[in-house]
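Asks: For reference, the file data_31.txt (compact mmCIF, C-alpha atoms) is included below:
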```
# COMPACT_ATOMS: atom_id res chain seq x y z
CA MET A 1 29.95 -0.86 -10.34
CA THR A 2 27.07 -3.16 -9.44
CA TYR A 3 23.47 -2.02 -9.67
CA ALA A 4 23.28 -1.65 -5.89
CA GLU A 5 26.39 0.56 -5.97
CA LYS A 6 24.98 2.76 -8.74
CA MET A 7 21.64 3.18 -6.98
CA SER A 8 23.32 3.89 -3.65
CA GLU A 9 25.60 6.52 -5.12
CA PHE A 10 22.55 8.34 -6.46
CA PHE A 11 20.44 8.11 -3.32
CA ALA A 12 23.28 9.01 -0.95
CA ASN A 13 23.86 12.23 -2.89
CA LEU A 14 20.17 13.05 -3.39
CA ARG A 15 19.17 16.48 -2.10
CA TYR A 16 15.77 17.99 -1.40
CA GLU A 17 16.36 20.44 -4.25
CA ASP A 18 16.86 17.56 -6.70
CA ILE A 19 13.30 16.31 -6.31
CA PRO A 20 10.65 17.93 -8.54
CA ALA A 21 8.13 20.03 -6.62
CA ALA A 22 5.24 18.01 -8.01
CA LYS A 23 6.80 14.79 -6.72
CA MET A 24 7.36 16.30 -3.30
CA ALA A 25 3.72 17.36 -3.24
CA ASP A 26 2.82 13.74 -4.01
CA VAL A 27 4.96 12.59 -1.07
CA LYS A 28 3.01 14.88 1.26
CA THR A 29 -0.33 13.64 -0.05
CA ILE A 30 0.60 10.00 0.49
CA LEU A 31 1.88 10.83 3.98
CA LEU A 32 -1.54 12.23 4.88
CA ASP A 33 -3.22 9.16 3.40
CA TYR A 34 -0.89 6.94 5.44
CA ILE A 35 -1.74 8.80 8.64
CA ALA A 36 -5.45 8.36 7.96
CA CYS A 37 -4.94 4.64 7.36
CA ILE A 38 -2.90 4.32 10.57
CA TYR A 39 -5.72 5.81 12.64
CA GLY A 40 -8.23 3.62 10.85
CA GLY A 41 -6.01 0.66 11.63
CA THR A 42 -6.21 1.31 15.36
CA LYS A 43 -9.84 0.10 15.23
CA THR A 44 -9.05 -3.20 13.53
CA LYS A 45 -8.24 -6.46 15.25
CA SER A 46 -4.97 -6.82 13.34
CA GLY A 47 -3.97 -3.26 14.26
CA ARG A 48 -4.76 -3.81 17.94
CA ILE A 49 -2.76 -7.05 18.00
CA ALA A 50 0.21 -5.18 16.51
CA ALA A 51 -0.12 -2.51 19.20
CA LYS A 52 -0.32 -5.14 21.92
CA PHE A 53 2.78 -6.82 20.50
CA ALA A 54 4.68 -3.54 20.71
CA ARG A 55 3.56 -3.05 24.31
CA ASP A 56 4.07 -6.63 25.47
CA PHE A 57 7.58 -6.83 24.05
CA ASN A 58 8.48 -3.19 24.60
CA GLU A 59 12.13 -2.25 24.37
CA THR A 60 14.00 0.88 25.25
CA GLY A 61 13.58 3.29 22.39
CA LYS A 62 12.28 6.62 21.25
CA CYS A 63 10.20 5.61 18.23
CA THR A 64 6.43 5.94 18.36
CA LEU A 65 3.62 3.54 17.65
CA LEU A 66 1.25 6.02 16.02
CA GLY A 67 -2.23 6.35 17.43
CA PHE A 68 -1.22 4.66 20.70
CA GLY A 69 1.82 6.68 21.71
CA TYR A 70 3.97 3.76 22.87
CA LYS A 71 7.70 4.31 22.57
CA THR A 72 9.79 1.38 21.40
CA ALA A 73 12.80 0.38 19.33
CA PRO A 74 12.91 1.63 15.71
CA TYR A 75 12.51 -1.78 14.09
CA ASN A 76 9.58 -2.58 16.41
CA ALA A 77 7.83 0.74 15.66
CA ALA A 78 8.32 0.31 11.92
CA PHE A 79 7.01 -3.27 12.08
CA CYS A 80 3.82 -2.45 13.99
CA ASN A 81 3.05 0.86 12.26
CA ALA A 82 3.28 -0.86 8.89
CA ILE A 83 0.77 -3.49 9.94
CA MET A 84 -1.63 -0.85 11.25
CA GLY A 85 -1.22 1.20 8.07
CA HIS A 86 -2.38 -1.77 6.00
CA SER A 87 -5.11 -3.05 8.30
CA THR A 88 -8.05 -1.17 6.76
CA GLU A 89 -7.14 -2.18 3.18
CA MET A 90 -7.41 1.51 2.25
CA ASP A 91 -3.73 2.32 1.76
CA ASP A 92 -2.37 3.46 -1.61
CA VAL A 93 -1.31 1.30 -4.56
CA ASP A 94 0.91 1.61 -7.63
CA VAL A 95 -0.74 2.01 -11.03
CA LEU A 96 -0.54 -1.73 -11.81
CA ALA A 97 -1.92 -2.77 -8.41
CA TYR A 98 1.16 -4.89 -7.66
CA PHE A 99 2.08 -3.26 -4.35
CA HIS A 100 1.44 -0.67 -1.68
CA ASN A 101 3.92 2.19 -1.32
CA ALA A 102 3.17 3.71 2.06
CA PRO A 103 2.91 1.26 4.97
CA GLN A 104 6.39 -0.23 4.85
CA THR A 105 8.23 2.74 3.31
CA ILE A 106 6.82 5.54 5.48
CA SER A 107 6.90 3.40 8.62
CA ALA A 108 10.60 2.72 8.04
CA ALA A 109 11.42 6.35 7.26
CA LEU A 110 9.50 7.61 10.29
CA ALA A 111 11.18 5.19 12.69
CA ALA A 112 14.58 6.13 11.26
CA ALA A 113 13.72 9.82 11.54
CA GLU A 114 12.73 9.56 15.20
CA TRP A 115 15.77 7.43 15.98
CA SER A 116 18.23 9.81 14.33
CA GLY A 117 16.49 13.09 15.16
CA ALA A 118 16.01 13.92 11.47
CA THR A 119 14.46 17.14 10.25
CA GLY A 120 11.17 17.27 8.39
CA LYS A 121 13.06 17.90 5.17
CA GLU A 122 15.29 14.86 5.71
CA PHE A 123 12.21 12.75 6.40
CA LEU A 124 10.62 13.93 3.13
CA VAL A 125 13.73 13.11 1.10
CA GLY A 126 14.00 9.72 2.78
CA MET A 127 10.42 8.85 1.83
CA ALA A 128 10.95 10.00 -1.77
CA ALA A 129 14.12 7.90 -2.05
CA GLY A 130 12.36 4.82 -0.67
CA PHE A 131 9.41 5.22 -3.04
CA GLU A 132 11.69 5.60 -6.04
CA ALA A 133 13.74 2.53 -5.14
CA LEU A 134 10.61 0.46 -4.51
CA ASN A 135 9.00 1.40 -7.81
CA ARG A 136 12.13 0.85 -9.89
CA ILE A 137 12.86 -2.55 -8.37
CA SER A 138 9.27 -3.65 -8.92
CA GLU A 139 9.38 -2.53 -12.55
CA ALA A 140 12.61 -4.48 -13.02
CA CYS A 141 11.17 -7.82 -11.87
CA ASN A 142 7.39 -7.74 -12.33
CA PRO A 143 5.09 -9.32 -13.43
CA GLY A 144 7.47 -12.29 -13.08
CA LEU A 145 7.88 -11.86 -9.32
CA ARG A 146 4.12 -11.88 -8.74
CA ALA A 147 3.66 -14.82 -11.13
CA ARG A 148 6.06 -16.81 -8.99
CA GLY A 149 3.88 -16.22 -5.93
CA PHE A 150 5.80 -13.46 -4.17
CA HIS A 151 4.09 -10.42 -2.65
CA THR A 152 5.74 -7.28 -4.03
CA THR A 153 4.76 -5.15 -1.03
CA ALA A 154 6.73 -7.48 1.21
CA CYS A 155 9.62 -8.66 -1.00
CA VAL A 156 10.48 -5.49 -2.88
CA GLY A 157 9.15 -3.42 0.01
CA ALA A 158 12.14 -4.42 2.14
CA PHE A 159 14.44 -2.61 -0.31
CA GLY A 160 12.26 0.51 -0.39
CA ALA A 161 12.08 0.53 3.39
CA GLY A 162 15.85 0.06 3.62
CA ILE A 163 16.64 2.96 1.32
CA ALA A 164 14.03 5.16 3.05
CA ALA A 165 15.59 4.46 6.45
CA ALA A 166 19.18 4.78 5.24
CA LYS A 167 18.56 8.08 3.47
CA THR A 168 16.64 9.53 6.40
CA MET A 169 19.53 8.60 8.68
CA GLY A 170 22.05 10.19 6.32
CA LEU A 171 24.04 7.04 5.56
CA SER A 172 26.90 7.08 3.06
CA ALA A 173 26.81 5.43 -0.37
CA GLU A 174 28.84 2.50 0.96
CA GLN A 175 26.45 2.06 3.87
CA MET A 176 23.50 2.18 1.47
CA VAL A 177 25.02 -0.61 -0.62
CA ASN A 178 25.20 -2.66 2.55
CA THR A 179 21.63 -1.68 3.42
CA LEU A 180 20.43 -2.98 0.06
CA GLY A 181 22.41 -6.19 0.46
CA LEU A 182 21.02 -6.81 3.93
CA SER A 183 17.50 -5.86 2.87
CA GLY A 184 17.73 -8.40 0.07
CA ALA A 185 18.91 -11.05 2.49
CA GLN A 186 15.57 -10.62 4.28
CA ALA A 187 13.30 -10.04 1.25
CA SER A 188 10.35 -12.41 1.54
CA GLY A 189 6.57 -12.59 1.57
CA LEU A 190 4.05 -14.74 -0.27
CA LEU A 191 0.72 -14.15 -1.99
CA GLU A 192 -0.85 -17.01 -0.06
CA PHE A 193 -3.21 -14.75 1.86
CA TYR A 194 -6.54 -14.89 0.00
CA GLY A 195 -8.47 -16.45 2.85
CA THR A 196 -9.79 -15.78 6.33
CA SER A 197 -6.39 -15.10 7.93
CA MET A 198 -4.72 -11.77 8.72
CA ALA A 199 -1.65 -12.71 6.67
CA LYS A 200 -2.12 -9.90 4.14
CA ARG A 201 -2.17 -7.34 6.96
CA PHE A 202 1.08 -8.77 8.30
CA ASN A 203 3.18 -8.59 5.14
CA PRO A 204 4.19 -4.89 5.17
CA GLY A 205 5.40 -5.29 8.76
CA PRO A 206 8.45 -7.47 8.10
CA ALA A 207 9.34 -5.34 5.08
CA ALA A 208 9.45 -2.18 7.23
CA ARG A 209 11.25 -3.91 10.08
CA ASN A 210 13.77 -5.57 7.78
CA GLY A 211 14.58 -2.34 5.98
CA VAL A 212 15.17 -0.46 9.23
CA THR A 213 17.21 -3.33 10.64
CA ALA A 214 19.34 -3.43 7.50
CA ALA A 215 20.05 0.31 7.74
CA LEU A 216 20.88 0.12 11.46
CA PHE A 217 23.28 -2.78 10.87
CA ALA A 218 24.88 -1.00 7.89
CA GLU A 219 25.33 2.12 10.00
CA ARG A 220 27.36 0.03 12.43
CA GLY A 221 29.62 -1.42 9.75
CA PHE A 222 27.85 -4.69 8.91
CA THR A 223 28.34 -5.43 5.22
CA GLY A 224 25.90 -6.86 2.66
CA ALA A 225 26.27 -8.30 -0.84
CA GLU A 226 26.83 -5.56 -3.41
CA THR A 227 25.63 -8.00 -6.09
CA ILE A 228 22.29 -8.49 -4.35
CA PHE A 229 20.30 -7.76 -7.53
CA GLU A 230 22.22 -9.32 -10.43
CA GLY A 231 24.28 -11.96 -8.62
CA LYS A 232 24.14 -15.65 -9.57
CA PHE A 233 21.99 -16.28 -6.50
CA GLY A 234 20.73 -12.71 -6.25
CA PHE A 235 17.26 -11.31 -5.73
CA PHE A 236 16.20 -11.23 -9.38
CA LYS A 237 17.17 -14.81 -10.22
CA ALA A 238 15.64 -16.11 -7.01
CA HIS A 239 12.37 -14.21 -7.27
CA SER A 240 11.48 -13.80 -10.95
CA ALA A 241 11.81 -15.67 -14.22
CA GLU A 242 11.84 -12.36 -16.12
CA TYR A 243 13.74 -9.27 -15.05
CA ASP A 244 15.56 -6.26 -16.46
CA PRO A 245 18.09 -4.78 -14.01
CA GLU A 246 18.72 -1.79 -16.30
CA LYS A 247 15.37 -0.41 -15.15
CA LEU A 248 16.97 0.16 -11.75
CA ILE A 249 19.16 2.94 -13.03
CA LYS A 250 17.82 4.11 -16.41
CA ASP A 251 17.36 7.90 -16.24
CA LEU A 252 17.67 7.77 -12.45
CA GLY A 253 17.10 11.28 -11.14
CA LYS A 254 15.64 12.45 -14.45
CA ASP A 255 12.59 10.23 -14.78
CA TRP A 256 11.00 9.81 -11.37
CA ARG A 257 9.07 6.55 -11.42
CA PHE A 258 6.99 6.64 -8.26
CA VAL A 259 3.30 7.33 -8.84
CA PHE A 260 0.55 6.90 -6.26
CA GLU A 261 -3.06 5.90 -6.65
CA TYR A 262 -5.49 6.09 -3.76
CA LYS A 263 -8.34 3.99 -2.48
CA PRO A 264 -11.86 5.27 -1.88
CA TYR A 265 -13.02 1.72 -1.08
CA ALA A 266 -11.84 -0.61 1.69
CA CYS A 267 -10.79 -3.60 -0.38
CA ALA A 268 -8.08 -4.88 -2.71
CA ARG A 269 -7.37 -2.44 -5.52
CA PRO A 270 -7.94 -4.83 -8.47
CA ILE A 271 -11.61 -5.08 -7.50
CA HIS A 272 -12.25 -1.32 -7.31
CA ASN A 273 -13.14 -1.31 -11.00
CA ALA A 274 -15.95 -3.77 -10.30
CA ILE A 275 -17.25 -1.50 -7.52
CA ASP A 276 -17.27 1.47 -9.88
CA CYS A 277 -19.14 -0.63 -12.46
CA ALA A 278 -21.74 -1.59 -9.85
CA LEU A 279 -22.10 2.00 -8.66
CA ASN A 280 -22.56 3.18 -12.26
CA ILE A 281 -25.30 0.62 -12.89
CA ARG A 282 -26.98 1.43 -9.58
CA LYS A 283 -26.96 5.15 -10.36
CA ASP A 284 -27.97 4.94 -14.03
CA HIS A 285 -30.54 2.14 -13.91
CA ARG A 286 -31.54 1.51 -10.27
CA PRO A 287 -32.23 -2.18 -10.90
CA LYS A 288 -34.63 -3.91 -8.54
CA LEU A 289 -32.45 -6.43 -6.79
CA GLU A 290 -35.13 -9.12 -6.67
CA GLU A 291 -35.55 -8.85 -10.46
CA ILE A 292 -31.91 -9.54 -11.32
CA ALA A 293 -31.51 -12.80 -13.22
CA ALA A 294 -27.73 -12.92 -13.72
CA ILE A 295 -24.56 -10.90 -13.20
CA VAL A 296 -21.30 -11.42 -15.04
CA ILE A 297 -18.07 -9.54 -14.38
CA LYS A 298 -15.51 -9.84 -17.15
CA ARG A 299 -11.91 -9.28 -16.11
CA HIS A 300 -8.61 -9.17 -17.91
CA PRO A 301 -6.79 -12.54 -17.62
CA GLU A 302 -3.95 -10.85 -15.69
CA TRP A 303 -6.26 -10.77 -12.66
CA GLY A 304 -9.06 -12.87 -14.16
CA THR A 305 -10.88 -15.83 -12.75
CA TYR A 306 -8.43 -16.79 -9.98
CA TYR A 307 -7.54 -13.69 -8.02
CA HIS A 308 -10.37 -12.35 -5.84
CA ASN A 309 -12.95 -14.89 -7.11
CA ILE A 310 -14.69 -15.54 -3.77
CA LYS A 311 -18.48 -15.80 -3.91
CA GLU A 312 -19.04 -16.58 -0.24
CA PRO A 313 -16.46 -14.89 2.01
CA LEU A 314 -16.39 -16.25 5.55
CA ASN A 315 -15.15 -13.14 7.35
CA TYR A 316 -14.27 -9.55 6.57
CA HIS A 317 -10.64 -10.33 5.71
CA MET A 318 -11.88 -12.62 2.98
CA ALA A 319 -14.63 -10.16 2.02
CA GLN A 320 -12.05 -7.43 1.40
CA VAL A 321 -10.44 -9.51 -1.35
CA SER A 322 -13.71 -10.76 -2.88
CA VAL A 323 -14.73 -9.09 -6.13
CA GLN A 324 -18.24 -10.55 -5.82
CA PHE A 325 -18.88 -9.32 -2.28
CA ALA A 326 -17.46 -5.87 -2.95
CA ALA A 327 -19.60 -5.48 -6.07
CA ALA A 328 -22.64 -6.73 -4.14
CA LEU A 329 -22.06 -4.10 -1.44
CA ALA A 330 -21.96 -1.42 -4.10
CA LEU A 331 -25.13 -2.65 -5.81
CA VAL A 332 -27.12 -3.09 -2.60
CA LEU A 333 -25.79 -0.31 -0.34
CA GLY A 334 -24.17 2.10 -2.77
CA LYS A 335 -20.92 2.16 -0.78
CA ALA A 336 -17.95 -0.04 0.12
CA PHE A 337 -16.07 1.74 2.89
CA VAL A 338 -14.58 0.21 6.04
CA ASP A 339 -17.89 0.07 7.88
CA GLN A 340 -19.54 -1.98 5.13
CA PHE A 341 -17.07 -4.86 5.32
CA ASN A 342 -18.47 -6.43 8.46
CA ASP A 343 -19.97 -9.65 9.76
CA ASP A 344 -23.53 -8.32 9.63
CA ASN A 345 -23.29 -7.67 5.91
CA ILE A 346 -21.63 -11.03 5.33
CA ALA A 347 -24.66 -12.59 7.01
CA ASP A 348 -27.14 -10.40 5.13
CA PRO A 349 -29.14 -12.63 2.75
CA THR A 350 -29.66 -9.89 0.15
CA ILE A 351 -26.00 -8.91 -0.07
CA MET A 352 -24.76 -12.48 0.01
CA GLY A 353 -27.43 -13.51 -2.49
CA ILE A 354 -26.12 -10.95 -4.99
CA SER A 355 -22.53 -11.99 -4.26
CA LYS A 356 -23.25 -15.67 -4.96
CA MET A 357 -24.99 -14.71 -8.19
CA ILE A 358 -21.93 -13.03 -9.74
CA ASP A 359 -19.85 -15.07 -12.17
CA ILE A 360 -16.33 -14.06 -13.26
CA GLU A 361 -15.11 -14.53 -16.82
CA ASP A 362 -11.76 -13.84 -18.47
CA ASP A 363 -11.80 -11.30 -21.29
CA PRO A 364 -8.42 -10.68 -22.96
CA SER A 365 -9.92 -7.87 -25.05
CA LEU A 366 -10.07 -5.59 -22.01
CA PRO A 367 -7.36 -2.91 -22.22
CA ARG A 368 -5.86 -3.12 -18.72
CA GLY A 369 -5.05 -5.73 -16.13
CA VAL A 370 -7.52 -4.23 -13.65
CA SER A 371 -10.25 -3.49 -16.21
CA CYS A 372 -13.75 -4.79 -15.47
CA ASN A 373 -16.91 -5.09 -17.55
CA MET A 374 -20.08 -5.80 -15.55
CA ILE A 375 -23.22 -7.10 -17.25
CA VAL A 376 -26.46 -7.25 -15.26
CA THR A 377 -29.32 -9.16 -16.90
CA MET A 378 -32.85 -8.63 -15.58
CA ARG A 379 -35.66 -11.16 -15.57
CA ASN A 380 -37.55 -9.12 -18.17
CA GLY A 381 -34.60 -9.28 -20.56
CA ASP A 382 -33.18 -5.81 -19.94
CA VAL A 383 -29.37 -5.71 -19.86
CA TYR A 384 -27.37 -3.10 -17.98
CA GLN A 385 -23.66 -2.80 -18.60
CA SER A 386 -20.71 -0.77 -17.37
CA GLN A 387 -17.02 -1.01 -18.16
CA VAL A 388 -14.36 0.69 -16.02
CA ASP A 389 -10.71 0.72 -17.04
CA TYR A 390 -9.50 3.37 -14.61
CA PRO A 391 -11.11 3.30 -11.14
CA LYS A 392 -11.76 6.23 -8.89
CA GLY A 393 -8.52 7.21 -7.17
CA SER A 394 -6.41 6.43 -10.24
CA ILE A 395 -4.24 8.98 -12.00
CA GLN A 396 -6.89 9.23 -14.72
CA VAL A 397 -9.81 9.57 -12.26
CA PRO A 398 -8.20 11.16 -9.21
CA MET A 399 -9.73 11.65 -5.81
CA THR A 400 -10.36 15.32 -5.11
CA GLU A 401 -9.02 17.26 -2.14
CA GLU A 402 -12.52 16.96 -0.68
CA ASP A 403 -12.43 13.18 -1.19
CA HIS A 404 -9.09 12.92 0.64
CA ARG A 405 -10.34 15.03 3.55
CA ALA A 406 -13.53 12.98 3.80
CA LYS A 407 -11.50 9.77 3.86
CA MET A 408 -9.23 11.14 6.56
CA SER A 409 -12.15 12.36 8.62
CA SER A 410 -13.91 9.01 8.43
CA LEU A 411 -10.81 7.02 9.41
CA CYS A 412 -9.61 9.41 12.13
CA ALA A 413 -12.82 10.70 13.72
CA HIS A 414 -12.71 8.23 16.63
CA MET A 415 -9.37 9.69 17.80
CA LEU A 416 -8.96 13.16 16.29
CA ASP A 417 -11.45 16.02 16.08
CA ASN A 418 -11.58 18.34 13.07
CA ASP A 419 -9.15 20.87 14.55
CA GLU A 420 -6.60 18.17 15.33
CA GLN A 421 -6.89 16.80 11.82
CA GLU A 422 -6.34 20.28 10.40
CA ASP A 423 -3.25 20.70 12.58
CA ILE A 424 -1.78 17.53 11.09
CA ILE A 425 -2.65 18.59 7.54
CA ARG A 426 -0.94 21.97 8.05
CA ALA A 427 2.11 20.31 9.57
CA VAL A 428 2.48 17.97 6.60
CA ARG A 429 2.09 20.81 4.13
CA ASN A 430 4.90 22.66 5.95
CA LEU A 431 7.03 19.68 6.91
CA GLU A 432 10.20 21.30 5.52
CA GLN A 433 10.07 23.81 8.37
CA ILE A 434 10.13 21.23 11.17
CA GLY A 435 13.53 21.03 12.85
CA ASN A 436 13.05 17.66 14.50
CA ILE A 437 10.54 15.04 13.43
CA SER A 438 9.52 14.54 17.07
CA GLU A 439 7.60 17.84 16.82
CA PHE A 440 5.52 16.34 14.04
CA VAL A 441 5.01 12.97 15.74
CA GLN A 442 3.80 14.72 18.87
CA LEU A 443 0.82 16.04 16.91
CA MET A 444 -0.27 12.47 16.23
CA SER A 445 0.23 11.14 19.75
```
How does the structure come out when it is put into structure tokens?
Replies:
Amino acid sequence: MTYAEKMSEFFANLRYEDIPAAKMADVKTILLDYIACIYGGTKTKSGRIAAKFARDFNETGKCTLLGFGYKTAPYNAAFCNAIMGHSTEMDDVDVLAYFHNAPQTISAALAAAEWSGATGKEFLVGMAAGFEALNRISEACNPGLRARGFHTTACVGAFGAGIAAAKTMGLSAEQMVNTLGLSGAQASGLLEFYGTSMAKRFNPGPAARNGVTAALFAERGFTGAETIFEGKFGFFKAHSAEYDPEKLIKDLGKDWRFVFEYKPYACARPIHNAIDCALNIRKDHRPKLEEIAAIVIKRHPEWGTYYHNIKEPLNYHMAQVSVQFAAALALVLGKAFVDQFNDDNIADPTIMGISKMIDIEDDPSLPRGVSCNMIVTMRNGDVYQSQVDYPKGSIQVPMTEEDHRAKMSSLCAHMLDNDEQEDIIRAVRNLEQIGNISEFVQLMS
């Protein structure tokens, strides 16, 4: 059997009862985080463009563009929901900050659930299957895939979205093999998005759409390459110089690999550590901004002096991937949520002055790829320092239930009042009891 056949056999036979309760609780938490990010995304320009796309090119269908209520074809809904879910830069990440789990995987599972009339329990299992496939495939080919310039959320995300859709729809093992093969045929997405464009927002969209499309084609008998992973011209050889396909199936069903970390700040995850450093220094020392002589942020070479090294971002898309600007927001304002990444703050001379002052240095002695060590030197010679290896929202420093509710409230308040938010939270917590996913989607429409 090929690796795609072995994975498909497992996922096709996966039952709700096979998934540990703790993992299912994690799936519900990330679903709530995804919903919050979707509603936040309705306020963004990229989210509104996605919604307009769905409306302008509307097709007969029964799948919902969340937050707007438009009904469209499943691949169209998955595509646009995924873009909205990533448009605030507040969606979840894996522990190594290689990819986002939710936007493409949940969007694909939800579109498939609405299309097929799946139950809440089937939707939950579909999400869990997609997350597990996504995480295992990433582990098998990273960091080589990222080093080659591919965006894991987009490339590997197509497989996770495909499995999530196929499982939610109840496809057979053979159909899942074809789903993986067809997902791999569409797997693409580059890291060339660290600039002023909306390209980063776009990338989860094709992954969600491609996964759903692959499952719909497989359902109708279209076949895909069963050797999509290990083949001579397969995904691994095309996308990574280093890979280990055994990680796809090792202890599958015994060792669940998906783990979620959450974002309290509206920017790329690898710069959250720098924000925490800045907040620590602000809280502990309250440095007078005009008396700061120099600021150095030391980063592990894995992310180091290339990624996110943007002293003068030109718009908020660029600001959300700038370690200097994010750290400056934290030092000056004490926060770095969605509302802080705006044109007014980019034009603010104090914030931009601090941002331009920050130098980035590689430090291989740091213990983790996302580790940061910030050193603030004052004009009088005082030195303030903070090192953060695990940022807020990580497994080691988790967001509290109160933090999650506050995040949801902030992102959803323009469309949902407190009672409506509580209705959604209760529905997610009891999703197993929902007979048709349309009952759940109606709460969000």
Asks: With only C-alpha atoms counted and 10 Å as the cut-off, give the residues of segment 113-221 of chain A in contact with segment 302-309 of chain A, each with its shortest interatomic distance in Å and the pair that gives it, as a tab-separated table.
Replies:
```
residue	atom	partner	partner_atom	distance
A:Pro143	CA	A:Glu302	CA	9.4
A:Ala147	CA	A:Glu302	CA	9.7
A:Tyr194	CA	A:His308	CA	7.4
A:Gly195	CA	A:His308	CA	9.8
```
Asks: Which of these residues is nearest to Val332 of chain A, using all atoms listed in the file: A:Ile346, A:Leu279, A:Asp284, A:Thr377?
Replies: A:Leu279
Asks: So that I can see what lies close to Glu312 of chain A, please list as a ChimeraX atom specification the residues with an atom at most 9 Å from it, counting all atoms listed in the file and leaving out residues fewer than 4 positions away in the same chain.
Replies: /A:318-319,322,324-325,346,352,355-356
Asks: Output as a tab-separated table one row per residue of segment 401-444 of chain A within 8 Å of segment 66-90 of chain A: the closest atom pair and its distance in Å to one decimal place, counting all atoms listed in the file, sorted by chain and residue number ascending.
Replies:
```
residue	atom	partner	partner_atom	distance
A:Met415	CA	A:Gly67	CA	7.9
A:Val441	CA	A:Leu66	CA	7.9
A:Met444	CA	A:Gly67	CA	6.5
```
Asks: What would the file look like if the residues just selected were written as a PDB file, keeping the file's coordinate frame with C-alpha atoms?
Replies:
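Output file again-v4.pdb follows:
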```pdb
ATOM      1  CA  MET A 415      -9.370   9.690  17.800  1.00  0.00           C
ATOM      2  CA  VAL A 441       5.010  12.970  15.740  1.00  0.00           C
ATOM      3  CA  MET A 444      -0.270  12.470  16.230  1.00  0.00           C
TER       4      MET A 444
END
```
Asks: Would you mind telling me which residue in A:Glu361, A:Glu246, A:Glu290, A:Asp403 lies nearest to Pro349 of chain A when using only C-alpha atoms?
Replies: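 For Pro349 of chain A, the nearest of the candidates is A:Glu290.
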Asks: When you count all atoms listed in the file, which of these residues is closest to Pro245 of chain A: A:Val428, A:Ile137, A:Val125, A:Ala154?
Replies: A:Ile137
Asks: Tell me, as a list in words, which residues lie within 6 Å of segment 379-387 of chain A, counting all atoms listed in the file; anything in the same chain fewer than 6 positions away does not count.
Replies: Cys277, Glu291, Ile292, Ala293, Cys372 and Asn373 of chain A
Asks: Could you tell me how far atom CA of Arg136 of chain A sits from atom CA of Val212 of chain A, in Å to one decimal place?
Replies: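 So the two atoms, atom CA of Val212 of chain A and atom CA of Arg136 of chain A, lie 19.4 Å apart.
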Asks: Could you check the closest approach to Pro20 of chain A for each of A:Gly181, A:Gly393, A:Gly253, A:Pro364 and tell me which residue wins, using only C-alpha atoms?
Replies: A:Gly253
Asks: Tell me, in Å to one decimal, how far atom CA of Ser371 of chain A is from atom CA of Val388 of chain A.
Replies: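 Between atom CA of Ser371 of chain A and atom CA of Val388 of chain A the gap is 5.9 Å.
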Asks: Can you measure atom CA of Ile437 of chain A to atom CA of Phe260 of chain A for me? One decimal in Å is fine.
Replies: 23.5 Å
Asks: Between A:Asp344, A:Glu59, A:Glu402, A:Glu132, which is the closest to Leu14 of chain A once you count only C-alpha atoms?
Replies: A:Glu132
Asks: Within 7 Å of Tyr243 of chain A, counting all atoms listed in the file, which residues show up once you throw out same-chain ones fewer than 6 positions away? Write them as a list in words, please.
Replies: Ala140, Cys141 and Phe236 of chain A
Asks: Using only C-alpha atoms, which residue out of A:Leu289, A:Cys37, A:Ala4, A:Leu416 lies closest to Gly224 of chain A?
Replies: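 The shortest atom-to-atom distance to Gly224 of chain A comes from A:Ala4.
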Asks: Please return as a PyMOL selection string every residue within 12 Å of (-7.1, 16.8, 11.2), taking into account all atoms listed in the file and the file's own coordinates.
Replies: chain A and resi 32-33+35-36+39+404-428+443-444
